[in-house]
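Structure file model.txt with compact mmCIF, C-alpha atoms:
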# COMPACT_ATOMS: atom_id res chain seq x y z
CA MET T 1 48.46 -10.67 13.91
CA VAL T 2 46.14 -11.34 16.87
CA LEU T 3 45.56 -7.59 17.20
CA TYR T 4 44.49 -7.37 13.53
CA VAL T 5 42.00 -10.23 14.03
CA ILE T 6 40.53 -8.49 17.05
CA VAL T 7 40.24 -5.19 15.16
CA PHE T 8 38.53 -6.85 12.18
CA ALA T 9 36.14 -8.67 14.52
CA MET T 10 35.23 -5.38 16.19
CA ILE T 11 34.62 -3.72 12.80
CA ALA T 12 32.43 -6.64 11.66
CA ALA T 13 30.43 -6.48 14.87
CA PHE T 14 29.95 -2.72 14.50
CA LEU T 15 28.77 -3.07 10.90
CA GLY T 16 26.40 -5.86 11.92
CA LEU T 17 24.87 -3.67 14.61
CA ARG T 18 24.47 -0.78 12.15
CA LEU T 19 22.74 -3.07 9.63
CA TYR T 20 20.39 -4.34 12.34
CA ALA T 21 19.62 -0.78 13.41
CA MET T 22 18.69 0.21 9.86
CA LEU T 23 16.68 -2.88 8.95
CA GLY T 24 15.26 -3.88 12.30
CA LYS T 25 14.22 -0.51 13.72
CA ARG T 26 10.48 -0.19 14.30
CA THR T 27 8.85 3.16 13.65
CA GLY T 28 5.34 4.55 13.65
CA ALA T 29 5.29 4.30 9.87
CA GLU T 30 5.47 0.52 9.76
CA GLN T 31 2.69 -1.25 7.91
CA GLN T 32 2.66 -4.77 9.40
CA PRO T 33 -0.60 -5.91 7.78
CA LEU T 34 0.70 -4.88 4.38
CA ALA T 35 2.95 -7.94 4.06
CA ARG T 36 1.36 -10.21 1.46
CA ALA T 37 0.07 -13.39 3.13
CA ALA T 38 0.81 -16.74 1.53
CA GLU T 39 -2.88 -17.47 1.06
CA ASP T 40 -3.32 -14.11 -0.68
CA ARG T 41 -0.58 -14.96 -3.13
CA SER T 42 -2.01 -18.41 -3.81
CA ALA T 43 -5.49 -16.97 -4.33
CA LEU T 44 -4.15 -14.50 -6.85
CA ALA T 45 -2.15 -17.17 -8.61
CA SER T 46 -5.23 -19.36 -9.00
CA ALA T 47 -7.43 -16.61 -10.42
CA PRO T 48 -8.48 -17.20 -14.05
CA ARG T 49 -6.47 -15.35 -16.68
CA THR T 50 -6.93 -14.87 -20.38
CA VAL T 51 -3.63 -13.08 -20.96
CA ASP T 52 -0.48 -13.37 -18.85
CA VAL T 53 0.12 -9.76 -17.89
CA THR T 54 3.54 -9.17 -16.37
CA THR T 55 3.45 -6.74 -13.46
CA GLU T 56 6.37 -4.36 -13.49
CA THR T 57 8.49 -4.20 -10.34
CA ARG T 58 10.01 -0.83 -11.17
CA GLU T 59 10.18 1.33 -8.06
CA PRO T 60 7.79 4.30 -8.31
CA VAL T 61 8.64 7.84 -7.31
CA ILE T 62 8.02 8.09 -3.56
CA ARG T 63 9.64 11.38 -2.57
CA ASN T 64 6.98 13.73 -3.91
CA ILE T 65 5.37 15.98 -1.33
CA GLU T 66 3.06 18.81 -2.30
CA SER T 67 3.69 22.10 -0.52
CA GLY T 68 0.30 22.05 1.19
CA ALA T 69 1.25 18.86 3.06
CA GLU T 70 4.52 20.08 4.56
CA ALA T 71 3.08 21.78 7.64
CA GLY T 72 1.00 18.72 8.54
CA LEU T 73 3.95 16.38 8.08
CA ARG T 74 6.03 18.58 10.41
CA GLN T 75 3.27 18.23 13.01
CA ILE T 76 3.33 14.45 12.68
CA VAL T 77 7.12 14.33 13.01
CA GLY T 78 6.87 16.64 16.01
CA ALA T 79 4.46 14.23 17.69
CA GLU T 80 6.40 11.10 16.71
CA SER T 81 10.05 11.68 15.92
CA GLY T 82 10.38 8.20 14.43
CA PHE T 83 7.94 8.93 11.61
CA ASP T 84 9.61 8.52 8.22
CA VAL T 85 7.95 9.86 5.06
CA GLY T 86 9.69 7.40 2.74
CA GLN T 87 8.64 4.40 4.82
CA PHE T 88 5.10 5.71 5.04
CA LEU T 89 4.85 6.10 1.27
CA SER T 90 6.25 2.62 0.71
CA GLY T 91 3.63 1.26 3.10
CA ALA T 92 0.89 3.32 1.45
CA GLN T 93 1.77 1.82 -1.92
CA GLY T 94 1.63 -1.66 -0.41
CA ALA T 95 -1.77 -0.82 1.09
CA TYR T 96 -2.99 0.49 -2.26
CA ARG T 97 -2.14 -2.80 -3.93
CA MET T 98 -3.49 -4.99 -1.13
CA VAL T 99 -6.79 -3.12 -0.79
CA LEU T 100 -7.42 -3.19 -4.53
CA GLU T 101 -6.59 -6.88 -4.82
CA ALA T 102 -8.74 -7.76 -1.79
CA PHE T 103 -11.65 -5.80 -3.27
CA TRP T 104 -11.23 -7.43 -6.65
CA ARG T 105 -11.21 -10.89 -4.99
CA GLY T 106 -14.19 -9.99 -2.82
CA ASP T 107 -12.16 -10.68 0.32
CA GLU T 108 -14.16 -8.82 2.95
CA ALA T 109 -12.09 -10.18 5.85
CA ALA T 110 -8.85 -8.82 4.38
CA LEU T 111 -10.48 -5.44 3.73
CA ALA T 112 -11.62 -5.23 7.35
CA GLU T 113 -7.96 -5.29 8.42
CA LEU T 114 -6.97 -2.49 6.07
CA VAL T 115 -9.83 0.00 5.82
CA ASP T 116 -12.09 1.84 8.23
CA GLU T 117 -15.79 2.66 8.12
CA PRO T 118 -17.53 3.91 6.04
CA VAL T 119 -15.04 2.83 3.35
CA LEU T 120 -15.42 -0.80 4.40
CA GLY T 121 -19.20 -0.57 4.08
CA ALA T 122 -18.95 0.90 0.58
CA PHE T 123 -16.52 -1.82 -0.51
CA ASN T 124 -18.66 -4.59 0.96
CA ASP T 125 -21.80 -3.20 -0.71
CA ALA T 126 -20.06 -3.23 -4.09
CA ILE T 127 -18.79 -6.77 -3.48
CA GLY T 128 -22.31 -7.89 -2.55
CA GLN T 129 -23.82 -6.38 -5.69
CA ARG T 130 -21.15 -8.05 -7.80
CA ARG T 131 -21.77 -11.39 -6.10
CA ASP T 132 -25.54 -11.14 -6.58
CA ALA T 133 -24.99 -10.48 -10.28
CA GLY T 134 -22.75 -13.55 -10.52
CA GLN T 135 -19.82 -11.43 -11.68
CA THR T 136 -16.12 -11.66 -10.83
CA LEU T 137 -13.23 -9.29 -11.47
CA ASP T 138 -9.95 -10.39 -13.00
CA ASN T 139 -8.01 -7.16 -12.56
CA ARG T 140 -4.26 -6.56 -12.39
CA LEU T 141 -2.38 -3.60 -10.94
CA ILE T 142 0.36 -3.31 -13.53
CA ARG T 143 2.34 -0.50 -11.96
CA ILE T 144 2.18 2.45 -9.61
CA GLU T 145 3.70 5.28 -11.59
CA GLN T 146 3.80 7.74 -8.73
CA ALA T 147 2.67 8.26 -5.14
CA VAL T 148 2.43 11.86 -3.96
CA ILE T 149 1.51 13.14 -0.51
CA ALA T 150 -1.12 15.76 -1.30
CA ASP T 151 -2.18 16.71 2.24
CA ALA T 152 -1.40 15.97 5.88
CA THR T 153 -3.20 17.08 9.03
CA VAL T 154 -3.23 16.41 12.75
CA GLN T 155 -6.46 16.92 14.69
CA ALA T 156 -7.38 15.72 18.18
CA GLY T 157 -4.40 13.36 18.23
CA GLU T 158 -5.23 11.73 14.90
CA ALA T 159 -2.94 12.07 11.90
CA ARG T 160 -4.36 11.98 8.39
CA ILE T 161 -2.26 11.77 5.25
CA THR T 162 -3.74 11.99 1.76
CA VAL T 163 -1.84 10.27 -1.06
CA ARG T 164 -2.48 10.62 -4.78
CA PHE T 165 -1.72 7.43 -6.71
CA ASP T 166 -1.11 7.45 -10.45
CA ALA T 167 -1.31 3.84 -11.62
CA ASP T 168 -1.96 1.58 -14.60
CA ILE T 169 -4.60 -1.14 -14.14
CA ALA T 170 -5.69 -3.90 -16.50
CA ALA T 171 -9.32 -4.79 -15.77
CA ILE T 172 -11.76 -7.42 -16.88
CA THR T 173 -15.23 -8.51 -15.66
CA ARG T 174 -16.53 -12.06 -16.06
CA ASP T 175 -20.07 -13.43 -15.76
CA ALA T 176 -21.13 -16.52 -13.81
CA GLU T 177 -19.92 -18.77 -16.66
CA GLY T 178 -16.50 -17.12 -16.69
CA GLN T 179 -17.13 -15.31 -19.95
CA VAL T 180 -15.64 -11.84 -20.41
CA ILE T 181 -18.37 -9.20 -20.40
CA ALA T 182 -16.29 -6.04 -19.97
CA GLY T 183 -12.71 -4.81 -20.07
CA SER T 184 -9.45 -6.21 -21.35
CA LEU T 185 -6.28 -7.53 -19.75
CA THR T 186 -4.23 -6.48 -22.75
CA ASP T 187 -4.88 -2.74 -22.35
CA ALA T 188 -3.93 -1.04 -19.10
CA VAL T 189 -6.01 1.98 -18.07
CA GLU T 190 -4.51 5.02 -16.34
CA THR T 191 -6.10 5.60 -12.95
CA HIS T 192 -5.70 8.52 -10.55
CA ASP T 193 -6.90 7.81 -7.01
CA VAL T 194 -6.76 9.98 -3.91
CA TRP T 195 -6.70 7.94 -0.71
CA THR T 196 -6.54 9.20 2.87
CA PHE T 197 -4.92 7.14 5.63
CA ALA T 198 -5.39 7.80 9.35
CA ARG T 199 -3.77 6.72 12.60
CA ARG T 200 -3.89 7.71 16.26
CA LEU T 201 -0.55 9.25 17.17
CA LYS T 202 1.41 7.89 20.13
CA SER T 203 -0.77 4.77 20.17
CA GLY T 204 0.48 1.23 20.51
CA ASP T 205 -0.83 0.39 17.04
CA PRO T 206 1.66 1.40 14.31
CA ASN T 207 -0.76 0.68 11.46
CA TRP T 208 -2.50 3.23 9.27
CA LYS T 209 -6.00 2.54 7.92
CA LEU T 210 -7.70 3.76 4.78
CA VAL T 211 -10.47 6.18 5.80
CA ASP T 212 -11.44 7.88 2.51
CA THR T 213 -11.17 7.28 -1.23
CA ASP T 214 -11.73 9.57 -4.18
CA GLU T 215 -10.65 10.10 -7.77
CA ALA T 216 -8.14 12.75 -8.73

Can the structure in the file be given as structure tokens, please?
Amino acid sequence: MVLYVIVFAMIAAFLGLRLYAMLGKRTGAEQQPLARAAEDRSALASAPRTVDVTTETREPVIRNIESGAEAGLRQIVGAESGFDVGQFLSGAQGAYRMVLEAFWRGDEAALAELVDEPVLGAFNDAIGQRRDAGQTLDNRLIRIEQAVIADATVQAGEARITVRFDADIAAITRDAEGQVIAGSLTDAVETHDVWTFARRLKSGDPNWKLVDTDEA
């Protein structure tokens, strides 16, 4: 009986170590800043709404890789064996949501943590123009239908990965009095964005930053 208890204890310990290895392992694809901060959630919750739009939590397709990106991804894996495509795409989707929501809120400090120049300058210029006009955005990212790696390159020790996002967004613009002047929260609009993320390989910083945006 004692032998059985010892065996079961050893099995439980082994399974616990395996679970820790899977969930606790740090890789170069981690996106630490992408975790939603409590103040971000409270700011979103306090934003004015005309219609309660429920955001779907359905997991999007994250395994899509276009053939033109395969060679670049192999280079990245060759430079950092811990790189994981699935984890990167999950982080990229988190970044997509966080960057959009920070831009919609006009949160320049949050954007500075997530995007690089000149993207940050373009975002801040748009936020400034919106602020000068007394306008606010009440947008919602309803769902990310798909995230596809369209390109990947490595040059001078810097990795760049381009992701195409197919998403549904409900958008509305309000004036200084809070009146709706454009858009609707009841009708989601299909959007197709192409974002490029970059990171120095073999650096101590595991985070990728947004370095380019375009429309598909």

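The list of residues with at least one atom within 7 Å of stretch 110-123 of chain T, based on all atoms listed in the file and without residues fewer than 4 positions apart in the same chain, reads Val99, Ala102, Phe103, Ile127, Lys209, Leu210, Val211 and Asp212 of chain T.
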
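The smallest atom-to-atom distance between T:Thr191 and any of T:Ile142, T:Arg174, T:Thr153, T:Ala159, using all atoms listed in the file, is found for T:Ile142.
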
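Using all atoms listed in the file, the smallest distance between any of T:Asp205, T:Asp214, T:Asp138, T:Asp84 and T:His192 comes from T:Asp214.
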
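Distance check against T:Glu190 using all atoms listed in the file: of T:Ile161, T:Ala133, T:Ile144, T:Ile149, the minimum falls on T:Ile144.
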
Near T:Glu101, counting all atoms listed in the file, which residues have an atom at most 9 Å away, once you skip same-chain residues fewer than 3 positions from it, shown as a PyMOL selection string?
chain T and resi 40+44+96-98+104-107+139-141

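Across the structure, atom CA of T:Ala92 and atom CA of T:Ala156 are spaced 22.4 Å apart.
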
To box stretch 114-126 of chain T, take all atoms listed in the file, fit an axis-aligned box, add 8 Å on each side, and give centre and edge lengths in Å to one decimal, as lines of an AutoDock Vina configuration file.
center_x = -14.4
center_y = -0.3
center_z = 2.1
size_x = 30.8
size_y = 24.5
size_z = 28.3
